[in-house]
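*Asks:* This is my_file_34.cif, which holds mmCIF, C-alpha atoms:
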```cif
data_start
#
loop_
_atom_site.label_atom_id
_atom_site.label_comp_id
_atom_site.auth_asym_id
_atom_site.auth_seq_id
_atom_site.Cartn_x
_atom_site.Cartn_y
_atom_site.Cartn_z
CA MET A 1 68.34 86.97 76.19
CA ALA A 2 72.08 87.43 75.59
CA ALA A 3 74.41 84.51 76.05
CA PRO A 4 76.70 84.87 79.05
CA THR A 5 80.24 85.86 78.15
CA ALA A 6 83.07 83.64 79.27
CA PRO A 7 85.28 85.23 81.93
CA LYS A 8 88.59 86.51 80.63
CA PRO A 9 91.59 84.52 81.83
CA ASN A 10 93.09 86.36 84.79
CA ALA A 11 96.68 86.47 86.04
CA LEU A 12 96.17 84.30 89.14
CA PRO A 13 98.34 81.54 87.60
CA TRP A 14 101.21 83.99 88.11
CA LEU A 15 100.98 83.01 91.78
CA ALA A 16 103.23 80.13 90.69
CA ALA A 17 106.01 82.75 90.51
CA SER A 18 105.12 83.72 94.09
CA ALA A 19 105.40 80.06 95.10
CA LEU A 20 108.80 79.81 93.38
CA VAL A 21 110.08 82.88 95.24
CA LEU A 22 108.68 81.50 98.50
CA GLY A 23 110.32 78.11 97.94
CA LEU A 24 113.73 79.60 97.07
CA ASP A 25 113.52 81.95 100.02
CA GLN A 26 112.64 79.28 102.57
CA TRP A 27 115.16 76.81 101.13
CA SER A 28 117.95 79.42 101.28
CA LYS A 29 117.07 80.38 104.87
CA ALA A 30 117.04 76.71 105.94
CA TRP A 31 120.52 76.39 104.42
CA VAL A 32 121.68 79.52 106.24
CA LEU A 33 120.35 78.31 109.60
CA ARG A 34 122.00 74.92 109.08
CA ALA A 35 125.33 75.93 107.52
CA LEU A 36 126.37 79.49 108.39
CA PRO A 37 127.74 80.67 111.71
CA GLU A 38 125.91 83.58 113.34
CA PHE A 39 127.31 87.08 112.89
CA THR A 40 130.42 85.89 111.06
CA ALA A 41 131.31 87.07 107.57
CA VAL A 42 131.98 84.29 105.06
CA PRO A 43 133.46 85.94 101.94
CA VAL A 44 131.89 85.06 98.59
CA ILE A 45 133.59 87.80 96.56
CA ASP A 46 136.34 89.32 98.68
CA GLY A 47 135.81 93.02 99.33
CA PHE A 48 132.23 93.06 98.02
CA TRP A 49 129.96 90.14 99.01
CA ASN A 50 129.71 88.03 102.16
CA TRP A 51 127.35 85.44 103.51
CA TYR A 52 126.51 86.88 106.93
CA ARG A 53 123.84 85.25 109.07
CA THR A 54 121.94 87.86 111.04
CA TYR A 55 118.38 88.55 112.14
CA ASN A 56 115.98 91.45 111.70
CA THR A 57 113.06 91.97 114.07
CA GLY A 58 112.09 95.16 112.26
CA ALA A 59 111.29 96.02 108.67
CA ALA A 60 113.53 97.42 105.92
CA PHE A 61 116.84 98.68 107.27
CA SER A 62 115.81 97.37 110.73
CA PHE A 63 113.02 99.95 111.04
CA LEU A 64 111.34 99.44 114.46
CA ALA A 65 113.75 96.59 115.30
CA ASP A 66 113.91 97.71 118.95
CA ALA A 67 110.18 98.37 119.38
CA GLY A 68 109.63 95.61 121.92
CA GLY A 69 107.94 92.84 119.92
CA TRP A 70 104.57 94.31 118.91
CA GLN A 71 106.00 95.25 115.50
CA LYS A 72 106.20 91.55 114.52
CA TYR A 73 102.39 91.34 114.46
CA VAL A 74 101.98 94.68 112.69
CA PHE A 75 104.39 93.60 109.95
CA MET A 76 102.65 90.23 109.59
CA VAL A 77 99.20 91.84 109.25
CA LEU A 78 100.58 94.45 106.86
CA ALA A 79 102.26 91.79 104.68
CA PHE A 80 99.09 89.68 104.53
CA GLY A 81 97.01 92.76 103.73
CA ILE A 82 99.34 93.87 100.94
CA SER A 83 99.56 90.32 99.58
CA GLY A 84 95.77 90.03 99.60
CA LEU A 85 95.44 93.34 97.76
CA MET A 86 97.98 92.26 95.17
CA ALA A 87 96.25 88.89 94.69
CA TRP A 88 92.99 90.82 94.14
CA MET A 89 94.84 92.94 91.55
CA LEU A 90 96.15 89.76 89.87
CA ALA A 91 92.59 88.47 89.62
CA ARG A 92 91.75 91.61 87.62
CA THR A 93 94.89 91.60 85.46
CA PRO A 94 94.85 89.89 82.06
CA ARG A 95 96.88 86.66 82.19
CA GLY A 96 99.29 87.72 79.44
CA ASP A 97 100.14 91.09 81.02
CA TRP A 98 103.45 90.03 82.56
CA LYS A 99 104.49 93.63 83.20
CA GLN A 100 101.77 93.86 85.84
CA ALA A 101 101.54 90.23 86.90
CA LEU A 102 105.21 89.43 87.51
CA PRO A 103 105.97 92.35 89.83
CA LEU A 104 102.80 91.71 91.85
CA SER A 105 103.72 88.03 92.14
CA LEU A 106 107.27 88.84 93.28
CA VAL A 107 106.01 91.11 96.06
CA ILE A 108 103.52 88.48 97.23
CA GLY A 109 106.14 85.71 97.35
CA GLY A 110 108.67 87.87 99.18
CA ALA A 111 106.18 89.26 101.68
CA VAL A 112 104.88 85.80 102.57
CA GLY A 113 108.45 84.47 102.85
CA ASN A 114 109.32 87.05 105.49
CA VAL A 115 105.99 86.50 107.28
CA ILE A 116 106.85 82.82 107.62
CA ASP A 117 110.14 83.81 109.27
CA ARG A 118 108.40 86.15 111.70
CA PHE A 119 105.90 83.42 112.58
CA LEU A 120 108.45 80.60 112.96
CA HIS A 121 111.41 82.48 114.45
CA GLY A 122 110.08 85.84 115.67
CA HIS A 123 112.44 87.61 113.25
CA VAL A 124 113.55 87.55 109.62
CA VAL A 125 116.70 85.62 108.69
CA ASP A 126 119.05 87.75 106.58
CA PHE A 127 122.28 86.51 105.05
CA ILE A 128 123.37 88.45 101.96
CA GLN A 129 125.79 91.24 102.83
CA TRP A 130 127.26 93.61 100.26
CA HIS A 131 129.99 96.10 101.01
CA VAL A 132 132.60 98.30 99.43
CA GLY A 133 135.57 98.77 101.71
CA ASP A 134 134.17 99.71 105.12
CA HIS A 135 130.76 100.75 103.74
CA TYR A 136 128.21 97.97 104.36
CA TRP A 137 124.64 97.73 103.11
CA PRO A 138 122.17 96.17 105.53
CA ALA A 139 122.01 92.38 105.15
CA PHE A 140 119.04 91.02 103.19
CA ASN A 141 117.57 87.79 101.79
CA ILE A 142 115.81 86.35 98.72
CA ALA A 143 112.39 87.56 99.93
CA ASP A 144 113.73 91.10 100.25
CA CYS A 145 115.11 90.92 96.70
CA ALA A 146 111.71 89.83 95.40
CA VAL A 147 109.83 92.59 97.27
CA VAL A 148 112.23 95.30 96.08
CA GLY A 149 112.36 93.94 92.52
CA GLY A 150 108.57 93.69 92.41
CA ALA A 151 108.11 97.21 93.79
CA ILE A 152 110.56 98.58 91.21
CA GLY A 153 108.67 96.69 88.48
CA ILE A 154 105.32 98.05 89.66
CA ALA A 155 106.67 101.60 89.66
CA LEU A 156 108.68 101.31 86.44
CA PHE A 157 106.05 99.59 84.34
CA GLY A 158 103.38 101.87 85.80
CA LEU A 159 105.36 104.93 84.77
CA LEU A 160 106.26 103.53 81.34
CA ALA A 161 102.65 102.62 80.63
CA GLY A 162 101.78 106.30 80.48
CA LYS A 163 98.35 107.58 79.63
CA PRO A 164 96.21 105.76 77.08
CA ALA A 165 95.96 107.51 73.74
CA THR A 166 92.76 109.41 73.13
CA LYS A 167 90.97 109.58 69.81
CA GLY A 168 90.82 112.84 67.97
CA GLY A 169 93.33 114.57 69.87
#
```
What is this structure when it is put down as structure tokens?
*Replies:*
Amino acid sequence: MAAPTAPKPNALPWLAASALVLGLDQWSKAWVLRALPEFTAVPVIDGFWNWYRTYNTGAAFSFLADAGGWQKYVFMVLAFGISGLMAWMLARTPRGDWKQALPLSLVIGGAVGNVIDRFLHGHVVDFIQWHVGDHYWPAFNIADCAVVGGAIGIALFGLLAGKPATKGG
């Protein structure tokens, strides 16, 4: 009878990065709700970057923001589903494979951060506003940065990984 093999260390400890993102996100939003006026630009770098407290009931770029309220629950279920899938993927990723683990962890932390907002406030708190002249990007937050950065990492490292080399040919 063969001796059982020890399980390989998985990347679930990378969820600490998710917790860090979540903590920074919730801390920054608490600061925004306490310190920034609503819908008023507070320049950080004149002509480029403002603090601007606003709210998003939709998804990216206010998608479905005026849908009547049902979208809040759809986005919450979707975020939990995606986070669960990515946690499952982390459990199957080798611990030292940061190119897979870090992006997955960033998406999880950001998704859960925005879910907390939807649950507590009924909307997501956004406060980072970039602009050039009269051209403004939609306001965003730390959670959004983590989700976008993680998604870019997943795509980039997935593309750079390429196909495994085959023997003999």
*Asks:* Using the chain letters and numbers from the file, give me the residues hit by the PyMOL selection byres ((chain A and resi 85-99) around 8), as a list in words.
*Replies:*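 Those residues are Lys8, Pro9, Asn10, Ala11, Leu12, Pro13, Trp14, Gly81, Ile82, Ser83, Gly84, Gln100, Ala101, Leu102, Pro103, Leu104, Ser105, Ile108, Gly153, Ile154 and Phe157 of chain A.
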*Asks:* Counting only C-alpha atoms, figure out which residue out of A:Ala30, A:Gly113, A:Tyr55, A:Ala41 gets nearest to A:Ile142.
*Replies:*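 Once distances to A:Ile142 are computed over only C-alpha atoms, the minimum belongs to A:Gly113.
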*Asks:* When you draw a straight line from atom CA of A:Trp49 to atom CA of A:Val132, how long is it in Å?
*Replies:*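 Computing the Euclidean distance for atom CA of A:Trp49 and atom CA of A:Val132 yields 8.6 Å.
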*Asks:* Quick one: distance from atom CA of A:Tyr136 to atom CA of A:Asn56 in Å, one decimal?
*Replies:*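 According to the coordinates, atom CA of A:Tyr136 and atom CA of A:Asn56 are separated by 15.7 Å.
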*Asks:* So which residues touch A:Trp51 within 6 Å, counting all atoms listed in the file, skipping near sequence neighbours fewer than 2 positions away, as a PyMOL selection string?
*Replies:* chain A and resi 41-42+127-128
*Asks:* Padding 6 Å on every side, please: axis-aligned box over the listed atoms of stretch 125-134 of chain A, centre and edge lengths to one decimal in Å, as lines of an AutoDock Vina configuration file.
*Replies:*
```
center_x = 126.1
center_y = 92.7
center_z = 104.1
size_x = 30.9
size_y = 26.1
size_z = 21.3
```
*Asks:* Between atom CA of A:Glu38 and atom CA of A:Val125, what distance in Å does the model show, to one decimal?
*Replies:*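 Distance reported for this atom pair: 10.5 Å.
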*Asks:* So that I can check the surroundings of A:Val77, please list as JSON, numbers by chain every protein, DNA and RNA residue that reaches within 12 Å of it, counting all atoms listed in the file and ignoring chain neighbours fewer than 6 positions away.
*Replies:* {"A": [70, 71, 83, 84, 111, 112, 114, 115, 116, 118, 119]}
*Asks:* Determine the residue set returned by the PyMOL selection byres ((chain A and resi 20) around 12) for the present structure, and present it as a list of chain:residue names.
*Replies:*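 Selected by the PyMOL selection byres ((chain A and resi 20) around 12) here: A:Trp14, A:Leu15, A:Ala16, A:Ala17, A:Ser18, A:Ala19, A:Val21, A:Leu22, A:Gly23, A:Leu24, A:Asp25, A:Gln26, A:Trp27, A:Leu102, A:Ser105, A:Leu106, A:Val107, A:Ile108, A:Gly109, A:Gly110, A:Val112, A:Gly113, A:Ile142, A:Ala143, A:Ala146.
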*Asks:* Can you complete the atoms of stretch 70-87 of chain A to N, CA and C atoms and list them as a CSV table (one decimal), in the frame of the given file?
*Replies:*
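Saved to part-v8.csv:
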```csv
chain,number,residue,atom,x,y,z
A,70,TRP,N,105.9,94.1,119.5
A,70,TRP,CA,104.6,94.3,118.9
A,70,TRP,C,104.7,94.5,117.4
A,71,GLN,N,105.8,95.0,116.9
A,71,GLN,CA,106.0,95.2,115.5
A,71,GLN,C,105.9,94.0,114.7
A,72,LYS,N,106.3,92.8,115.2
A,72,LYS,CA,106.2,91.6,114.5
A,72,LYS,C,104.8,91.3,114.0
A,73,TYR,N,103.8,91.6,114.8
A,73,TYR,CA,102.4,91.3,114.5
A,73,TYR,C,101.9,92.4,113.5
A,74,VAL,N,102.4,93.6,113.6
A,74,VAL,CA,102.0,94.7,112.7
A,74,VAL,C,102.5,94.3,111.3
A,75,PHE,N,103.8,93.9,111.2
A,75,PHE,CA,104.4,93.6,110.0
A,75,PHE,C,103.7,92.4,109.3
A,76,MET,N,103.3,91.4,110.1
A,76,MET,CA,102.6,90.2,109.6
A,76,MET,C,101.3,90.6,109.0
A,77,VAL,N,100.5,91.4,109.7
A,77,VAL,CA,99.2,91.8,109.2
A,77,VAL,C,99.4,92.7,108.0
A,78,LEU,N,100.3,93.6,108.0
A,78,LEU,CA,100.6,94.4,106.9
A,78,LEU,C,101.0,93.6,105.6
A,79,ALA,N,101.8,92.6,105.8
A,79,ALA,CA,102.3,91.8,104.7
A,79,ALA,C,101.1,91.0,104.1
A,80,PHE,N,100.3,90.4,105.0
A,80,PHE,CA,99.1,89.7,104.5
A,80,PHE,C,98.1,90.6,103.8
A,81,GLY,N,97.9,91.8,104.4
A,81,GLY,CA,97.0,92.8,103.7
A,81,GLY,C,97.5,93.2,102.3
A,82,ILE,N,98.8,93.5,102.2
A,82,ILE,CA,99.3,93.9,100.9
A,82,ILE,C,99.3,92.7,100.0
A,83,SER,N,99.6,91.5,100.5
A,83,SER,CA,99.6,90.3,99.6
A,83,SER,C,98.1,90.0,99.1
A,84,GLY,N,97.2,90.2,100.0
A,84,GLY,CA,95.8,90.0,99.6
A,84,GLY,C,95.4,91.0,98.6
A,85,LEU,N,95.8,92.3,98.7
A,85,LEU,CA,95.4,93.3,97.8
A,85,LEU,C,96.1,93.0,96.4
A,86,MET,N,97.3,92.6,96.4
A,86,MET,CA,98.0,92.3,95.2
A,86,MET,C,97.4,91.0,94.5
A,87,ALA,N,96.9,90.0,95.3
A,87,ALA,CA,96.2,88.9,94.7
A,87,ALA,C,94.9,89.3,94.1
```
